[in-house]
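Novice: Handing over query_36.csv, CSV, C-alpha atoms.
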chain,number,residue,atom,x,y,z
A,1,MET,CA,-68.5,-22.7,-0.9
A,2,ARG,CA,-68.2,-18.9,-1.1
A,3,ILE,CA,-70.3,-16.6,-3.3
A,4,ILE,CA,-68.6,-13.2,-3.5
A,5,ALA,CA,-70.2,-10.2,-5.2
A,6,PHE,CA,-67.8,-7.5,-6.4
A,7,ALA,CA,-69.4,-4.1,-6.3
A,8,SER,CA,-68.3,-0.6,-6.5
A,9,GLY,CA,-71.1,1.8,-7.2
A,10,LYS,CA,-69.0,3.8,-9.6
A,11,GLY,CA,-68.3,2.4,-13.1
A,12,GLY,CA,-64.8,2.0,-14.6
A,13,VAL,CA,-63.0,1.2,-11.4
A,14,GLY,CA,-61.9,-2.1,-12.7
A,15,LYS,CA,-64.3,-4.6,-11.1
A,16,THR,CA,-64.5,-6.8,-14.1
A,17,THR,CA,-60.7,-6.9,-14.5
A,18,ILE,CA,-60.3,-7.7,-10.8
A,19,VAL,CA,-62.9,-10.5,-11.0
A,20,ALA,CA,-61.4,-12.1,-14.2
A,21,ASN,CA,-57.9,-12.1,-12.8
A,22,LEU,CA,-58.8,-13.1,-9.3
A,23,GLY,CA,-60.9,-16.0,-10.6
A,24,ILE,CA,-57.8,-17.3,-12.5
A,25,ALA,CA,-55.6,-16.7,-9.4
A,26,LEU,CA,-57.9,-18.8,-7.3
A,27,ALA,CA,-58.2,-21.5,-9.9
A,28,ARG,CA,-54.4,-21.7,-10.0
A,29,GLN,CA,-54.5,-22.5,-6.3
A,30,GLY,CA,-56.6,-25.6,-7.2
A,31,LYS,CA,-60.0,-24.0,-6.5
A,32,LYS,CA,-63.1,-24.7,-8.6
A,33,VAL,CA,-64.2,-21.2,-9.7
A,34,LEU,CA,-67.3,-20.0,-11.5
A,35,MET,CA,-67.4,-16.4,-12.6
A,36,VAL,CA,-70.8,-14.9,-13.3
A,37,ASP,CA,-71.4,-11.7,-15.2
A,38,THR,CA,-74.4,-10.1,-13.5
A,39,ASP,CA,-73.9,-6.9,-15.5
A,40,LEU,CA,-76.8,-7.8,-17.7
A,41,ALA,CA,-76.9,-4.6,-19.7
A,42,MET,CA,-73.2,-3.9,-20.1
A,43,ALA,CA,-71.6,-7.3,-20.1
A,44,ASN,CA,-67.8,-7.4,-20.4
A,45,LEU,CA,-66.6,-10.3,-18.3
A,46,SER,CA,-66.7,-12.9,-21.2
A,47,LEU,CA,-64.8,-10.5,-23.4
A,48,ILE,CA,-62.0,-9.9,-20.9
A,49,LEU,CA,-61.7,-13.7,-20.6
A,50,GLY,CA,-61.3,-14.0,-24.3
A,51,MET,CA,-64.8,-15.4,-25.2
A,52,GLU,CA,-66.1,-13.5,-28.2
A,53,THR,CA,-69.4,-15.2,-28.5
A,54,SER,CA,-71.8,-17.1,-26.1
A,55,PRO,CA,-74.9,-18.2,-27.9
A,56,ILE,CA,-77.0,-18.6,-24.8
A,57,THR,CA,-76.4,-16.4,-21.7
A,58,LEU,CA,-77.6,-15.6,-18.2
A,59,ASN,CA,-80.1,-13.2,-19.8
A,60,ASP,CA,-81.8,-16.2,-21.4
A,61,VAL,CA,-82.1,-18.0,-18.1
A,62,LEU,CA,-83.6,-14.9,-16.5
A,63,LYS,CA,-86.2,-14.8,-19.3
A,64,GLY,CA,-87.0,-18.4,-18.7
A,65,ASP,CA,-85.7,-19.4,-22.2
A,66,ALA,CA,-82.8,-21.5,-21.1
A,67,GLY,CA,-81.7,-23.8,-18.3
A,68,VAL,CA,-79.0,-22.8,-15.8
A,69,TRP,CA,-76.4,-25.3,-16.9
A,70,ASP,CA,-76.9,-24.4,-20.5
A,71,VAL,CA,-75.0,-21.1,-19.9
A,72,VAL,CA,-72.0,-22.4,-17.9
A,73,TYR,CA,-69.0,-22.3,-20.3
A,74,ASP,CA,-65.4,-23.4,-19.9
A,75,GLY,CA,-62.9,-20.6,-19.6
A,76,PRO,CA,-59.1,-20.3,-19.3
A,77,GLU,CA,-57.3,-22.3,-16.5
A,78,LYS,CA,-60.4,-24.5,-15.9
A,79,VAL,CA,-62.6,-21.7,-14.6
A,80,SER,CA,-66.3,-21.8,-15.5
A,81,ILE,CA,-68.0,-18.7,-16.8
A,82,MET,CA,-71.7,-17.7,-16.9
A,83,PRO,CA,-71.7,-14.8,-19.3
A,84,ALA,CA,-74.4,-12.1,-19.8
A,85,SER,CA,-75.6,-11.1,-23.2
A,86,LEU,CA,-73.6,-8.6,-25.3
A,87,GLY,CA,-76.8,-7.8,-27.3
A,88,LEU,CA,-78.8,-4.7,-27.0
A,89,GLN,CA,-82.2,-6.3,-27.1
A,90,ASP,CA,-81.6,-8.8,-24.3
A,91,THR,CA,-82.3,-6.7,-21.3
A,92,GLN,CA,-86.0,-6.8,-21.6
A,93,ARG,CA,-88.3,-9.2,-19.8
A,94,LEU,CA,-85.6,-10.2,-17.3
A,95,ASP,CA,-86.8,-11.5,-14.0
A,96,LEU,CA,-84.1,-10.5,-11.6
A,97,THR,CA,-85.8,-12.1,-8.7
A,98,LYS,CA,-84.7,-15.5,-10.2
A,99,LEU,CA,-81.0,-14.6,-9.8
A,100,PRO,CA,-80.5,-15.8,-6.2
A,101,GLY,CA,-82.1,-19.1,-7.1
A,102,ILE,CA,-79.9,-19.6,-10.1
A,103,ILE,CA,-76.7,-18.9,-8.2
A,104,LYS,CA,-77.9,-21.2,-5.4
A,105,GLN,CA,-78.4,-24.0,-7.9
A,106,VAL,CA,-74.9,-23.8,-9.4
A,107,ALA,CA,-72.9,-22.8,-6.3
A,108,PRO,CA,-72.5,-26.2,-4.7
A,109,LYS,CA,-70.4,-27.4,-7.6
A,110,TYR,CA,-67.8,-24.8,-6.9
A,111,ASP,CA,-65.4,-23.5,-4.2
A,112,PHE,CA,-65.9,-19.9,-5.3
A,113,VAL,CA,-68.6,-18.2,-7.3
A,114,LEU,CA,-67.5,-14.7,-8.2
A,115,LEU,CA,-70.3,-12.2,-9.2
A,116,ASP,CA,-69.2,-9.3,-11.3
A,117,CYS,CA,-71.8,-6.6,-10.4
A,118,PRO,CA,-72.9,-3.7,-12.6
A,119,ALA,CA,-72.2,-0.2,-11.7
A,120,GLY,CA,-74.8,1.7,-9.6
A,121,ILE,CA,-77.1,0.4,-6.9
A,122,GLY,CA,-80.0,-0.5,-9.0
A,123,GLU,CA,-82.1,-3.6,-8.8
A,124,ASP,CA,-79.5,-5.6,-10.8
A,125,THR,CA,-76.7,-4.8,-8.3
A,126,LEU,CA,-79.1,-5.6,-5.4
A,127,ALA,CA,-80.0,-8.9,-7.1
A,128,ALA,CA,-76.3,-9.8,-7.3
A,129,MET,CA,-75.6,-8.8,-3.7
A,130,ALA,CA,-78.7,-10.6,-2.5
A,131,SER,CA,-77.3,-13.8,-4.2
A,132,SER,CA,-74.0,-13.6,-2.4
A,133,THR,CA,-72.6,-14.8,0.9
A,134,GLU,CA,-70.2,-11.8,1.0
A,135,VAL,CA,-69.6,-8.6,-0.8
A,136,PHE,CA,-66.3,-7.0,-1.7
A,137,LEU,CA,-66.0,-3.4,-2.6
A,138,VAL,CA,-63.6,-2.4,-5.4
A,139,VAL,CA,-62.5,1.2,-5.2
A,140,ASN,CA,-60.1,3.6,-6.8
A,141,PRO,CA,-58.2,5.9,-4.4
A,142,HIS,CA,-60.2,9.0,-5.2
A,143,SER,CA,-63.2,10.6,-3.5
A,144,LEU,CA,-65.7,9.9,-6.4
A,145,SER,CA,-65.1,6.2,-6.2
A,146,ILE,CA,-65.1,6.1,-2.4
A,147,ALA,CA,-68.3,8.1,-2.0
A,148,ASP,CA,-70.1,5.6,-4.4
A,149,ALA,CA,-68.6,2.6,-2.7
A,150,LEU,CA,-69.9,3.9,0.6
A,151,LYS,CA,-73.5,4.2,-0.9
A,152,THR,CA,-73.0,0.6,-2.2
A,153,LYS,CA,-72.0,-0.6,1.2
A,154,ILE,CA,-75.1,1.0,2.8
A,155,ALA,CA,-77.3,-0.5,0.1
A,156,ALA,CA,-75.8,-3.9,0.7
A,157,GLN,CA,-76.4,-3.7,4.5
A,158,ARG,CA,-80.0,-2.6,4.0
A,159,ILE,CA,-80.8,-5.8,2.1
A,160,ASN,CA,-78.9,-7.9,4.6
A,161,ALA,CA,-76.0,-8.7,2.3
A,162,LYS,CA,-72.6,-8.7,4.0
A,163,PRO,CA,-69.8,-6.3,2.9
A,164,VAL,CA,-66.6,-8.0,4.2
A,165,GLY,CA,-63.7,-6.5,2.4
A,166,LEU,CA,-62.1,-3.9,0.3
A,167,ILE,CA,-59.8,-3.9,-2.7
A,168,ILE,CA,-58.1,-0.7,-3.8
A,169,ASN,CA,-57.5,-0.8,-7.6
A,170,MET,CA,-55.4,1.4,-9.9
A,171,TYR,CA,-53.3,2.9,-7.1
A,172,ALA,CA,-50.7,5.1,-8.8
A,173,GLY,CA,-48.9,6.5,-5.9
A,174,LEU,CA,-49.8,10.2,-6.6
A,175,LYS,CA,-49.8,12.7,-3.8
A,176,GLY,CA,-53.5,13.5,-4.5
A,177,GLU,CA,-54.6,9.9,-4.0
A,178,ILE,CA,-56.5,9.2,-0.8
A,179,PRO,CA,-54.2,7.1,1.4
A,180,GLU,CA,-55.1,3.5,2.3
A,181,ARG,CA,-55.7,4.2,6.0
A,182,ASP,CA,-58.3,6.9,5.1
A,183,ILE,CA,-60.1,4.7,2.7
A,184,ILE,CA,-60.2,1.9,5.3
A,185,SER,CA,-61.5,4.3,7.9
A,186,MET,CA,-64.2,5.8,5.6
A,187,LEU,CA,-65.5,2.4,4.4
A,188,GLU,CA,-64.8,0.6,7.7
A,189,LEU,CA,-63.9,-2.6,6.0
A,190,PRO,CA,-60.7,-4.7,6.1
A,191,LEU,CA,-58.3,-4.2,3.1
A,192,TYR,CA,-57.7,-7.3,1.0
A,193,GLY,CA,-55.1,-5.7,-1.2
A,194,VAL,CA,-53.9,-2.8,-3.3
A,195,VAL,CA,-53.6,-3.4,-7.0
A,196,PRO,CA,-51.4,-0.8,-8.6
A,197,TYR,CA,-52.1,1.2,-11.7
A,198,ASP,CA,-50.3,-0.9,-14.3
A,199,GLU,CA,-50.1,-0.1,-18.0
A,200,GLU,CA,-49.8,-3.9,-18.6
A,201,VAL,CA,-53.5,-4.2,-17.7
A,202,ARG,CA,-54.5,-1.6,-20.2
A,203,LYS,CA,-52.3,-3.2,-22.8
A,204,THR,CA,-54.2,-6.5,-22.5
A,205,PHE,CA,-57.2,-4.9,-24.2
A,206,TYR,CA,-55.1,-4.0,-27.3
A,207,TYR,CA,-54.0,-7.4,-28.4
A,208,LYS,CA,-55.8,-9.4,-31.1
A,209,LYS,CA,-57.0,-11.8,-28.4
A,210,ILE,CA,-57.9,-10.2,-25.1
A,211,GLN,CA,-56.5,-12.1,-22.2
A,212,PRO,CA,-56.4,-11.2,-18.4
A,213,VAL,CA,-53.1,-9.7,-17.4
A,214,ILE,CA,-52.5,-12.6,-15.0
A,215,LEU,CA,-52.3,-14.9,-18.0
A,216,ARG,CA,-50.6,-12.6,-20.4
A,217,ASN,CA,-48.0,-11.2,-18.0
A,218,PRO,CA,-47.9,-13.0,-14.6
A,219,ASP,CA,-44.9,-10.9,-13.7
A,220,ALA,CA,-46.7,-7.6,-14.0
A,221,GLU,CA,-47.2,-5.7,-10.8
A,222,ALA,CA,-51.0,-5.9,-11.1
A,223,SER,CA,-50.8,-9.7,-11.5
A,224,LYS,CA,-48.7,-10.1,-8.4
A,225,ALA,CA,-51.1,-7.9,-6.4
A,226,VAL,CA,-54.0,-10.0,-7.5
A,227,TYR,CA,-52.2,-13.1,-6.1
A,228,VAL,CA,-51.9,-11.3,-2.8
A,229,VAL,CA,-55.6,-10.7,-2.8
A,230,ALA,CA,-56.3,-14.3,-3.7
A,231,GLY,CA,-54.0,-15.4,-0.9
A,232,LYS,CA,-55.8,-13.2,1.6
A,233,ILE,CA,-59.2,-14.5,0.5
A,234,LEU,CA,-57.9,-18.1,0.9
A,235,GLY,CA,-56.1,-17.3,4.2
A,236,ILE,CA,-52.8,-18.5,2.8
A,237,GLU,CA,-49.6,-16.9,1.5
A,238,ILE,CA,-49.1,-17.5,-2.2
A,239,ASP,CA,-45.5,-17.8,-3.5
A,240,ILE,CA,-45.8,-15.2,-6.2
A,241,LYS,CA,-42.5,-16.1,-7.8
A,242,LYS,CA,-43.9,-19.6,-8.6
A,243,GLN,CA,-46.9,-18.1,-10.5
A,244,GLY,CA,-44.9,-16.8,-13.4
A,245,GLY,CA,-44.2,-20.2,-14.9
A,246,GLY,CA,-40.5,-19.6,-15.5
A,247,PHE,CA,-38.4,-19.0,-18.6
A,248,PHE,CA,-40.2,-21.4,-21.0
A,249,ALA,CA,-43.6,-20.0,-20.0
A,250,TRP,CA,-42.2,-16.5,-20.7
A,251,LEU,CA,-40.9,-17.6,-24.1
A,252,LYS,CA,-44.3,-19.2,-24.9
A,253,ARG,CA,-46.1,-16.0,-24.0
A,254,LEU,CA,-43.7,-13.9,-26.1
A,255,PHE,CA,-44.4,-15.9,-29.2
A,256,SER,CA,-48.1,-16.2,-28.6
A,257,ARG,CA,-48.6,-12.4,-28.7
B,1,MET,CA,-51.0,24.4,-18.0
B,2,GLY,CA,-48.9,25.2,-21.0
B,3,LEU,CA,-47.4,22.6,-23.3
B,4,PHE,CA,-43.9,23.2,-22.0
B,5,SER,CA,-45.0,22.9,-18.4
B,6,LYS,CA,-46.7,19.7,-19.1
B,7,LEU,CA,-43.6,18.4,-20.9
B,8,ALA,CA,-41.4,19.5,-18.0
B,9,PHE,CA,-43.7,17.8,-15.4
B,10,LYS,CA,-43.6,14.6,-17.4
B,11,LEU,CA,-39.9,14.6,-18.0
B,12,LEU,CA,-39.0,15.5,-14.4
B,13,GLY,CA,-41.7,13.2,-13.0
B,14,ILE,CA,-43.3,16.1,-11.0
B,15,ASP,CA,-46.5,15.2,-9.2
B,16,ASP,CA,-48.7,18.3,-8.9
B,17,THR,CA,-51.8,16.5,-7.6
B,18,GLU,CA,-53.1,17.4,-4.1
B,19,LEU,CA,-55.1,15.5,-1.5
B,20,PRO,CA,-58.7,16.7,-1.5
B,21,ALA,CA,-59.0,17.2,2.3
B,22,GLU,CA,-62.4,18.7,2.2
B,23,GLN,CA,-63.9,15.9,0.2
B,24,ILE,CA,-62.4,13.4,2.6
B,25,GLY,CA,-64.1,15.2,5.4
B,26,TYR,CA,-67.3,15.3,3.6
B,27,ILE,CA,-67.3,11.5,2.9
B,28,LYS,CA,-66.4,10.8,6.5
B,29,ASP,CA,-69.5,12.9,7.5
B,30,ILE,CA,-71.7,10.9,5.1
B,31,SER,CA,-70.3,7.7,6.6
B,32,LYS,CA,-71.3,8.8,10.1
B,33,GLU,CA,-74.7,10.2,9.1
B,34,TYR,CA,-75.9,7.3,7.0
B,35,SER,CA,-74.6,4.3,8.7
B,36,VAL,CA,-77.1,1.5,8.7
B,37,PRO,CA,-78.5,0.9,12.2
B,38,GLU,CA,-78.7,-2.4,14.0
B,39,ILE,CA,-82.2,-3.7,14.4
B,40,LEU,CA,-83.1,-3.1,18.1
B,41,LYS,CA,-85.6,-5.4,19.9
B,42,ASN,CA,-85.7,-4.3,23.5
B,43,THR,CA,-89.1,-2.7,23.1
B,44,PHE,CA,-91.7,-2.8,20.4
B,45,GLY,CA,-91.3,0.9,19.6
B,46,GLU,CA,-87.5,0.7,19.5
B,47,PHE,CA,-87.7,-2.3,17.1
B,48,VAL,CA,-90.0,-0.5,14.7
B,49,ASP,CA,-88.0,2.8,14.8
B,50,SER,CA,-84.8,1.0,13.9
B,51,LEU,CA,-86.6,-1.0,11.2
B,52,LEU,CA,-87.9,2.1,9.5
B,53,HIS,CA,-84.6,3.9,9.8
B,54,LYS,CA,-82.6,0.9,8.4
B,55,HIS,CA,-84.8,0.4,5.4
B,56,LEU,CA,-85.5,4.2,4.8
B,57,ILE,CA,-89.3,3.5,4.8
B,58,GLU,CA,-92.1,5.6,6.1
B,59,GLY,CA,-94.4,3.0,7.5
B,60,VAL,CA,-95.1,-0.7,7.9
B,61,VAL,CA,-98.4,-2.4,8.4
B,62,VAL,CA,-98.6,-6.2,9.1
B,63,PHE,CA,-101.7,-8.4,8.7
B,64,LYS,CA,-102.2,-12.0,9.6
B,65,GLU,CA,-105.3,-14.0,8.8
B,66,ASN,CA,-107.3,-11.0,7.9
B,67,SER,CA,-106.4,-9.2,11.1
B,68,LEU,CA,-104.3,-6.2,11.4
B,69,ILE,CA,-101.4,-7.0,13.7
B,70,TYR,CA,-99.4,-3.8,13.6
B,71,SER,CA,-99.3,-0.4,12.1
B,72,SER,CA,-96.3,1.9,12.6
B,73,SER,CA,-98.5,4.9,12.4
B,74,PRO,CA,-102.3,5.4,12.9
B,75,ASP,CA,-102.4,7.7,9.9
B,76,ILE,CA,-102.0,4.9,7.4
B,77,LEU,CA,-104.6,2.5,8.9
B,78,GLU,CA,-107.5,3.5,6.7
B,79,LEU,CA,-105.4,3.3,3.6
B,80,ALA,CA,-103.9,0.0,4.8
B,81,ASN,CA,-107.4,-1.6,5.2
B,82,LYS,CA,-108.5,-0.5,1.8
B,83,LEU,CA,-105.4,-1.7,0.1
B,84,TYR,CA,-105.5,-5.0,2.0
B,85,GLU,CA,-108.9,-5.7,0.6
B,86,MET,CA,-107.7,-5.0,-2.9
B,87,PHE,CA,-104.6,-7.1,-2.3
B,88,SER,CA,-106.6,-10.0,-1.0
B,89,SER,CA,-108.6,-10.1,-4.2
B,90,PHE,CA,-105.6,-9.7,-6.5
B,91,LYS,CA,-102.8,-11.5,-4.7
B,92,ARG,CA,-100.6,-13.9,-6.5
B,93,GLU,CA,-98.1,-16.1,-4.8
B,94,ASN,CA,-94.6,-14.6,-4.3
B,95,LYS,CA,-95.7,-11.4,-6.2
B,96,VAL,CA,-95.7,-7.8,-4.9
B,97,LEU,CA,-98.5,-5.4,-5.7
B,98,TYR,CA,-97.4,-1.8,-6.0
B,99,PHE,CA,-99.8,1.1,-5.4
B,100,ASN,CA,-98.9,4.7,-6.2
B,101,VAL,CA,-100.8,6.8,-3.7
B,102,GLY,CA,-98.5,9.8,-3.7
B,103,SER,CA,-96.0,7.6,-1.9
B,104,TRP,CA,-95.4,4.1,-3.0
B,105,VAL,CA,-97.2,1.3,-1.2
B,106,SER,CA,-95.9,-2.2,-1.7
B,107,MET,CA,-98.0,-5.2,-0.5
B,108,PHE,CA,-96.8,-8.8,-0.4
B,109,GLU,CA,-97.4,-12.0,1.5
B,110,LYS,CA,-94.5,-13.9,3.2
B,111,ASP,CA,-94.6,-16.6,5.8
B,112,GLU,CA,-98.2,-16.3,6.9
B,113,PHE,CA,-98.0,-12.5,7.2
B,114,VAL,CA,-99.1,-9.8,4.7
B,115,TYR,CA,-96.8,-6.8,4.7
B,116,MET,CA,-97.7,-3.3,3.5
B,117,ILE,CA,-94.7,-1.0,3.2
B,118,LYS,CA,-95.0,2.7,2.5
B,119,SER,CA,-91.9,4.4,1.1
B,120,ASP,CA,-90.8,7.5,-0.9
B,121,THR,CA,-89.4,5.4,-3.7
B,122,ARG,CA,-90.6,2.2,-5.3
B,123,LEU,CA,-88.7,-0.5,-3.5
B,124,CYS,CA,-87.7,-3.6,-5.4
B,125,GLU,CA,-88.4,-7.1,-4.2
B,126,PHE,CA,-84.9,-7.5,-2.7
B,127,GLU,CA,-85.5,-4.5,-0.5
B,128,LEU,CA,-89.0,-5.6,0.5
B,129,ASN,CA,-87.7,-9.1,1.3
B,130,ALA,CA,-85.1,-7.6,3.5
B,131,VAL,CA,-87.7,-5.7,5.5
B,132,ALA,CA,-89.8,-8.9,5.8
B,133,LYS,CA,-86.7,-10.9,6.8
B,134,ASP,CA,-85.8,-8.4,9.5
B,135,ILE,CA,-89.3,-8.6,10.9
B,136,ALA,CA,-89.2,-12.4,10.7
B,137,VAL,CA,-85.8,-12.8,12.3
B,138,HIS,CA,-85.9,-10.0,14.9
B,139,GLY,CA,-89.5,-9.1,15.4
B,140,LYS,CA,-91.7,-12.1,14.8
B,141,ASN,CA,-92.1,-12.8,18.5
B,142,ILE,CA,-92.9,-9.1,19.1
B,143,PHE,CA,-95.5,-9.1,16.4
B,144,LEU,CA,-97.0,-12.4,17.5
B,145,GLU,CA,-97.3,-11.0,21.0
B,146,GLU,CA,-99.2,-8.1,19.6
B,147,TYR,CA,-101.3,-10.5,17.6
B,148,ARG,CA,-102.1,-12.6,20.7
B,149,LYS,CA,-103.2,-9.4,22.5
B,150,ILE,CA,-105.5,-8.5,19.6
B,151,MET,CA,-106.9,-12.0,19.5
B,152,SER,CA,-107.5,-12.2,23.2
B,153,PHE,CA,-109.2,-8.8,23.0
B,154,VAL,CA,-111.4,-10.1,20.2
B,155,LYS,CA,-112.4,-13.2,22.2
B,156,VAL,CA,-113.4,-11.1,25.2
Would you kindly transcribe this structure into structure tokens?
Specialist:
Amino acid sequence: MRIIAFASGKGGVGKTTIVANLGIALARQGKKVLMVDTDLAMANLSLILGMETSPITLNDVLKGDAGVWDVVYDGPEKVSIMPASLGLQDTQRLDLTKLPGIIKQVAPKYDFVLLDCPAGIGEDTLAAMASSTEVFLVVNPHSLSIADALKTKIAAQRINAKPVGLIINMYAGLKGEIPERDIISMLELPLYGVVPYDEEVRKTFYYKKIQPVILRNPDAEASKAVYVVAGKILGIEIDIKKQGGGFFAWLKRLFSR
Amino acid sequence: MGLFSKLAFKLLGIDDTELPAEQIGYIKDISKEYSVPEILKNTFGEFVDSLLHKHLIEGVVVFKENSLIYSSSPDILELANKLYEMFSSFKRENKVLYFNVGSWVSMFEKDEFVYMIKSDTRLCEFELNAVAKDIAVHGKNIFLEEYRKIMSFVKV
């Protein structure tokens, strides 16, 4: 069982998108996956996964008002989701020190528990990283993101969490983007994959029903790159051509839009 | 950039971005300067120095069974003893007591030790637990050795 926290320091680098898509990619390889939204103030994970409402959330568990299993919901592709509250009032009275215990309680049922961390290196991010067995940093190829990721890595090491890998997201191939080798040397972590900037990802937010790009368009470049990351995490090579689902799946997707 | 230039750049696919070499250098410097040190345990002093450096704290005082086992600096001994008394009368299991005395002082009990940690900023429980864990994993024997010395001294 692996508990992976996805952190970045900087907001808007695409952590939640990576977590949602990666969770599905891992589930499609037959793994039991739980995704946890530890961004308790700005929760987005459940929305990206197409869940509009969750009556009880992780916030309620942290307040002591609900049990752990009450907030585990079924998501697409048999993944489980532990959402955080979308409400404005639900960030008060949260006992973050409970989070590691909550994760420890649910983790044995799964092969992978993916923790979507908030931006910054506040107590909420530290709580998520302290609950994990490993930390992945998600960065964009520019200095703002890399500087924040570096601080996040240091914060993780200080609390004895283990940063183990790096995912570069939204790589557009511009001359001004910091090259892979420099990012690796600055953060001193192995690279698990480069997910390209892909308009298909942005487009997924503009449909009536939001759906991760890996489901809506498995042939998108970003989807393929996420499978590469999943393969590296699993230590296998995933045949990306087989993940698209073929002509009939394409036809089904076309008419379900 | 004018509208026509923008349009031309877009149509011709011209990439006018540039690599921020200075910023890359700056981040590399930060990376070297702020790397988290390993906890060293060859000598007692080395251990404590690396502990303070790793956790960005000013001082640590450790008590066991009402005896002071270790203080990283003699300057905080008087404060430590005062706060320890207060902590002993207030303490709740698994809870941290915070004191604002110019710096922040956090006191908590963990695995038969009471820790007092002095820091610039108010540390959260995850940070405090990490200090305690590093002491337990890397320094417990060193601290216990100090404790034995103190106890044998008391007996004499």
Novice: Atom CA of Leu144 of chain A to atom CA of Leu191 of chain A: how many Å, to one decimal?
Specialist: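 Here the two named atoms are 18.5 Å from each other.
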Novice: Please provide as a ChimeraX atom specification all residues within 7 Å of Asp111 of chain A, with the sequence filter that same-chain residues fewer than 4 positions apart are discarded (counting only C-alpha atoms).
Specialist: /A:1-2,31-33
Novice: Export C-alpha atoms of the chosen residues as a PDB file, keeping the file's coordinate frame?
Specialist:
ATOM      1  CA  MET A   1     -68.500 -22.700  -0.900  1.00  0.00           C
ATOM      2  CA  ARG A   2     -68.200 -18.900  -1.100  1.00  0.00           C
ATOM      3  CA  LYS A  31     -60.000 -24.000  -6.500  1.00  0.00           C
ATOM      4  CA  LYS A  32     -63.100 -24.700  -8.600  1.00  0.00           C
ATOM      5  CA  VAL A  33     -64.200 -21.200  -9.700  1.00  0.00           C
TER       6      VAL A  33
END
Novice: Using only C-alpha atoms, what table do you get, as CSV, when you list each residue of chain A with an atom no more than 7 Å from chain B, its nearest pair of atoms, and their distance in Å rounded to one decimal, rows by chain then rising number?
Specialist:
residue,atom,partner,partner_atom,distance
A:Glu123,CA,B:Cys124,CA,6.6
A:Leu126,CA,B:Phe126,CA,6.7
A:Ala127,CA,B:Phe126,CA,6.7
A:Ala130,CA,B:Phe126,CA,6.9
A:Ser143,CA,B:Gln23,CA,6.5
A:Ala147,CA,B:Ile27,CA,6.0
A:Ile154,CA,B:Val36,CA,6.2
A:Gln157,CA,B:Val36,CA,6.7
A:Arg158,CA,B:His55,CA,5.8
A:Ile159,CA,B:Ala130,CA,4.9
A:Asn160,CA,B:Ala130,CA,6.3
A:Leu174,CA,B:Asp15,CA,6.5
A:Lys175,CA,B:Thr17,CA,5.7
A:Gly176,CA,B:Glu18,CA,3.9
A:Glu177,CA,B:Leu19,CA,6.2
A:Ile178,CA,B:Leu19,CA,6.5
A:Met186,CA,B:Lys28,CA,5.5
Novice: I'd like the interatomic distance between atom CA of Val79 of chain A and atom CA of Asp95 of chain A, to a tenth of an Å.
Specialist: 26.3 Å
Novice: What is the distance, in Å and to one decimal place, between atom CA of Lys63 of chain A and atom CA of Arg93 of chain A?
Specialist: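 Separation of atom CA of Lys63 of chain A and atom CA of Arg93 of chain A: 6.0 Å.
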Novice: Which residues are close to Val135 of chain A, i.e. within 9 Å by only C-alpha atoms, leaving aside same-chain residues fewer than 5 positions away? Reply as a VMD selection string.
Specialist: chain A and resid 3 to 7 129 153 156 161 to 166
Novice: Compare A:Asn169, A:Leu26, A:Leu45, A:Ser131 by their minimum atom-to-atom distance to Met82 of chain A, counting all atoms listed in the file, and give me the closest one.
Specialist: A:Leu45
Novice: Taking (-63.1, -11.1, -26.6) in the file's coordinates, which residues come within 12 Å, counting only C-alpha atoms, written as a compact mmCIF listing (two decimals) with C-alpha atoms, keeping the file's coordinate frame?
Specialist:
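Wrote it out as part.txt, contents follow:
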# COMPACT_ATOMS: atom_id res chain seq x y z
CA ALA A 43 -71.60 -7.30 -20.10
CA ASN A 44 -67.80 -7.40 -20.40
CA LEU A 45 -66.60 -10.30 -18.30
CA SER A 46 -66.70 -12.90 -21.20
CA LEU A 47 -64.80 -10.50 -23.40
CA ILE A 48 -62.00 -9.90 -20.90
CA LEU A 49 -61.70 -13.70 -20.60
CA GLY A 50 -61.30 -14.00 -24.30
CA MET A 51 -64.80 -15.40 -25.20
CA GLU A 52 -66.10 -13.50 -28.20
CA THR A 53 -69.40 -15.20 -28.50
CA SER A 54 -71.80 -17.10 -26.10
CA GLY A 75 -62.90 -20.60 -19.60
CA PRO A 83 -71.70 -14.80 -19.30
CA LEU A 86 -73.60 -8.60 -25.30
CA THR A 204 -54.20 -6.50 -22.50
CA PHE A 205 -57.20 -4.90 -24.20
CA TYR A 206 -55.10 -4.00 -27.30
CA TYR A 207 -54.00 -7.40 -28.40
CA LYS A 208 -55.80 -9.40 -31.10
CA LYS A 209 -57.00 -11.80 -28.40
CA ILE A 210 -57.90 -10.20 -25.10
CA GLN A 211 -56.50 -12.10 -22.20
CA PRO A 212 -56.40 -11.20 -18.40
Novice: Around segment 72-87 of chain B, fit a box with edges along x, y and z, padding it by 4 Å on each side, then list its centre and edge lengths in Å to one decimal as AutoDock Vina command-line options.
Specialist:
--center_x -102.6 --center_y 0.3 --center_z 5.0 --size_x 20.6 --size_y 22.8 --size_z 23.8
Novice: Extract, using all atoms listed in the file, all DNA, RNA and protein residues at most 12 Å from Glu237 of chain A, discarding same-chain residues fewer than 6 positions from it, and format them as a compact mmCIF listing (two decimals) with C-alpha atoms, keeping the file's coordinate frame.
Specialist:
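Listing of part-v6.txt after writing:
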# COMPACT_ATOMS: atom_id res chain seq x y z
CA GLN A 29 -54.50 -22.50 -6.30
CA TYR A 227 -52.20 -13.10 -6.10
CA VAL A 228 -51.90 -11.30 -2.80
CA VAL A 229 -55.60 -10.70 -2.80
CA ALA A 230 -56.30 -14.30 -3.70
CA GLY A 231 -54.00 -15.40 -0.90
